[in-house]
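Data first, discussion second: the structure below is written as structure tokens.
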Amino acid sequence: MGGNLFTNTSSINKAYVKRTADSLFNEHLLDLGVSRYSFIGSTGKSSVSGDIDLCISCSPLNKATLTRHLQERIGKNNVKISGQNIAVKYPITGFHNHYVQIDLMLAEKDKLDDVVWLMSGDGEKGVKGVYRNLMLCHIAK
């Protein structure tokens with residue numbers, strides 16, 4: 001399970017994933033120029049997720065600027081750059097003082113669907129996207 005970058009975050013039940021992601025998008029990302037997001041990995045497919053993985057329509061070149069703006073809105077200690085991604089500690093919609101880590105992967109607007117496909121996964125019993133991609137690379141080789 002993911003979501004270990006912040007203290008006091010917990011896993012999230014599938015029933016709350018979309019509402020929580022929509023809250024981050026509608027209350028913050030949309031105002032900052034992000035026009036779309038999609039779930040990646042097994043987020044929204046597994047009954048419980050350790051974190052929420054989103055791919056957003058934002059150029060990776062704008063990662064530092066987006067991070068700074070999110071820190072201003074959500075709090076400096078609640079937004080961190082983690083490799084190629086931005087990690088956000090965000091309240092789970094419908095709960096008081098319960099937080100989940102949301103990992104934002106940035107993709108160019110015209111590449112969002114391609115990145116989402118590459119990063120797609122399945123639920124608890126399916127194949128992780130990374131293993132599928134390794135298999136496809138092996139076959140192509």
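Letters for chains follow the order of the structure tokens (A, B, ...), residue numbers begin at 1 for each chain, and ligand numbers begin at 1 in the order shown.
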
Region 52-114 of chain A residues near region 4-23 of chain A within 6 Å, closest pair each, using only C-alpha atoms, as CSV:
```
residue,atom,partner,partner_atom,distance
A:Ile92,CA,A:Thr20,CA,5.6
A:Thr93,CA,A:Thr20,CA,5.0
A:Tyr99,CA,A:Thr9,CA,4.7
A:Val100,CA,A:Thr9,CA,4.8
```

For region 65-79 of chain A, find every residue with an atom within 9 Å (counting only C-alpha atoms), except residues of its own chain fewer than 3 positions away, and show them as a PyMOL selection string. chain A and resi 6+28-29+32+58+61-62+86-90
